[in-house]
Amino acid sequence: MQTDPIADYLTRLRNAIRAGHDEVEIPLSGLKMEMSRILKEQGYIKDFQRKPAAVGEAIEVTLKYTEDRRPVIIGIERVSRPGRRRYVNHKTVPRVQGGTGTAIVSTSAGVMTGHEARAKGVGGEVVAYVW
């Protein structure tokens with residue numbers, strides 16, 4: 001039984017990168033689409049698209065690698081979990097890897113990066129860190 005779909009999303013990305021795959025298919029949800037949008041905007045993945053799956057719909061994520069086939073995503077970590085939610089206000093939005101990484105924050109104004117949340121003055125739930 002799957003109880004944390006966001007952890008499943010991050011794990012599928014992590015496993016596909018370690019296996020050297022070019023694409024990975026992930027069951028669709030609104031939050032996962034927004035997280036994929038942020039990963040694309042920040043340059044961590046090449047592209048993503050919505051497509052029909054055997055059951056419902058899925059997100060097909062095209063992973064990004066450097067010229068010498070090293071993955072662009074070095075690390076990806078779930079922060080707020082179902083058993084331990086992590087909320088921050090706009091003043092305490094964390095910086096990841098000294099500002100070189102990205103914090104994904106779910107706010108009342110939508111899902112955005114930690115940098116955008118600080119700029120807009122909104123806090124929320126810290127979903128994940130990517131670097």
# chains A, B, ... in the order shown; residues from 1 in each chain; ligands from 1

$ residues_around --residues "Ser108 (chain A)" --least-positions-apart "5" --cutoff "9 Å" --atoms "only C-alpha atoms" --output "number ranges by chain"
A: 122-124

$ residues_around --residues "region 87-98 of chain A" --least-positions-apart "5" --cutoff "8 Å" --atoms "only C-alpha atoms" --output "PyMOL selection string"
chain A and resi 80+103+114+117-118+121-126+129-131

$ residues_around --residues "region 55-58 of chain A" --least-positions-apart "3" --cutoff "12 Å" --atoms "only C-alpha atoms" --output "list in words"
Tyr9, Val24, Glu25, Ile26, Pro27, Leu28, Ser29, Gly30, Lys32, Met33, Phe48, Gln49, Arg50, Lys51, Pro52 and Val61 of chain A

$ select_by_dssp --residues "chain A" --states "strand (DSSP E)" --output "JSON, numbers by chain"
{"A": [23, 24, 25, 26, 27, 45, 46, 47, 48, 49, 50, 51, 52, 57, 58, 59, 60, 61, 62, 63, 76, 77, 78, 87, 88, 102, 103, 104, 105, 106, 107, 110, 111, 112, 113, 124, 125, 126, 127, 128, 129, 130]}

$ closest_residue --among "A:Leu63, A:Thr11, A:Ile38, A:Ile45" --to "Glu23 (chain A)" --atoms "only C-alpha atoms"
A:Leu63

$ atom_distance --atom1 "CA of Leu13 (chain A)" --atom2 "CA of Asp47 (chain A)"
13.0 Å

$ residues_around --residues "region 81-83 of chain A" --least-positions-apart "2" --cutoff "10 Å" --atoms "only C-alpha atoms" --output "list in words"
Thr3, Asp4, Ile6, Ala7, Arg78, Val79, Arg85, Arg86, Glu125, Val126, Val127 and Ala128 of chain A

$ closest_residue --among "A:Ala19, A:Ile104, A:Leu10, A:Ile74" --to "Tyr44 (chain A)" --atoms "only C-alpha atoms"
A:Ile74

$ closest_residue --among "A:Thr102, A:Pro5, A:Glu34, A:Glu77" --to "Glu116 (chain A)" --atoms "only C-alpha atoms"
A:Thr102

$ atom_distance --atom1 "CA of Thr107 (chain A)" --atom2 "CA of Lys40 (chain A)"
19.1 Å

$ select_by_dssp --residues "region 53-121 of chain A" --states "alpha helix (DSSP H)" --output "list in words"
Gly114, His115, Glu116, Ala117, Arg118, Ala119 and Lys120 of chain A

$ closest_residue --among "A:Lys46, A:Arg37, A:Arg84, A:Lys64" --to "Met112 (chain A)" --atoms "only C-alpha atoms"
A:Arg37

$ atom_distance --atom1 "CA of Thr62 (chain A)" --atom2 "CA of Val105 (chain A)"
22.4 Å
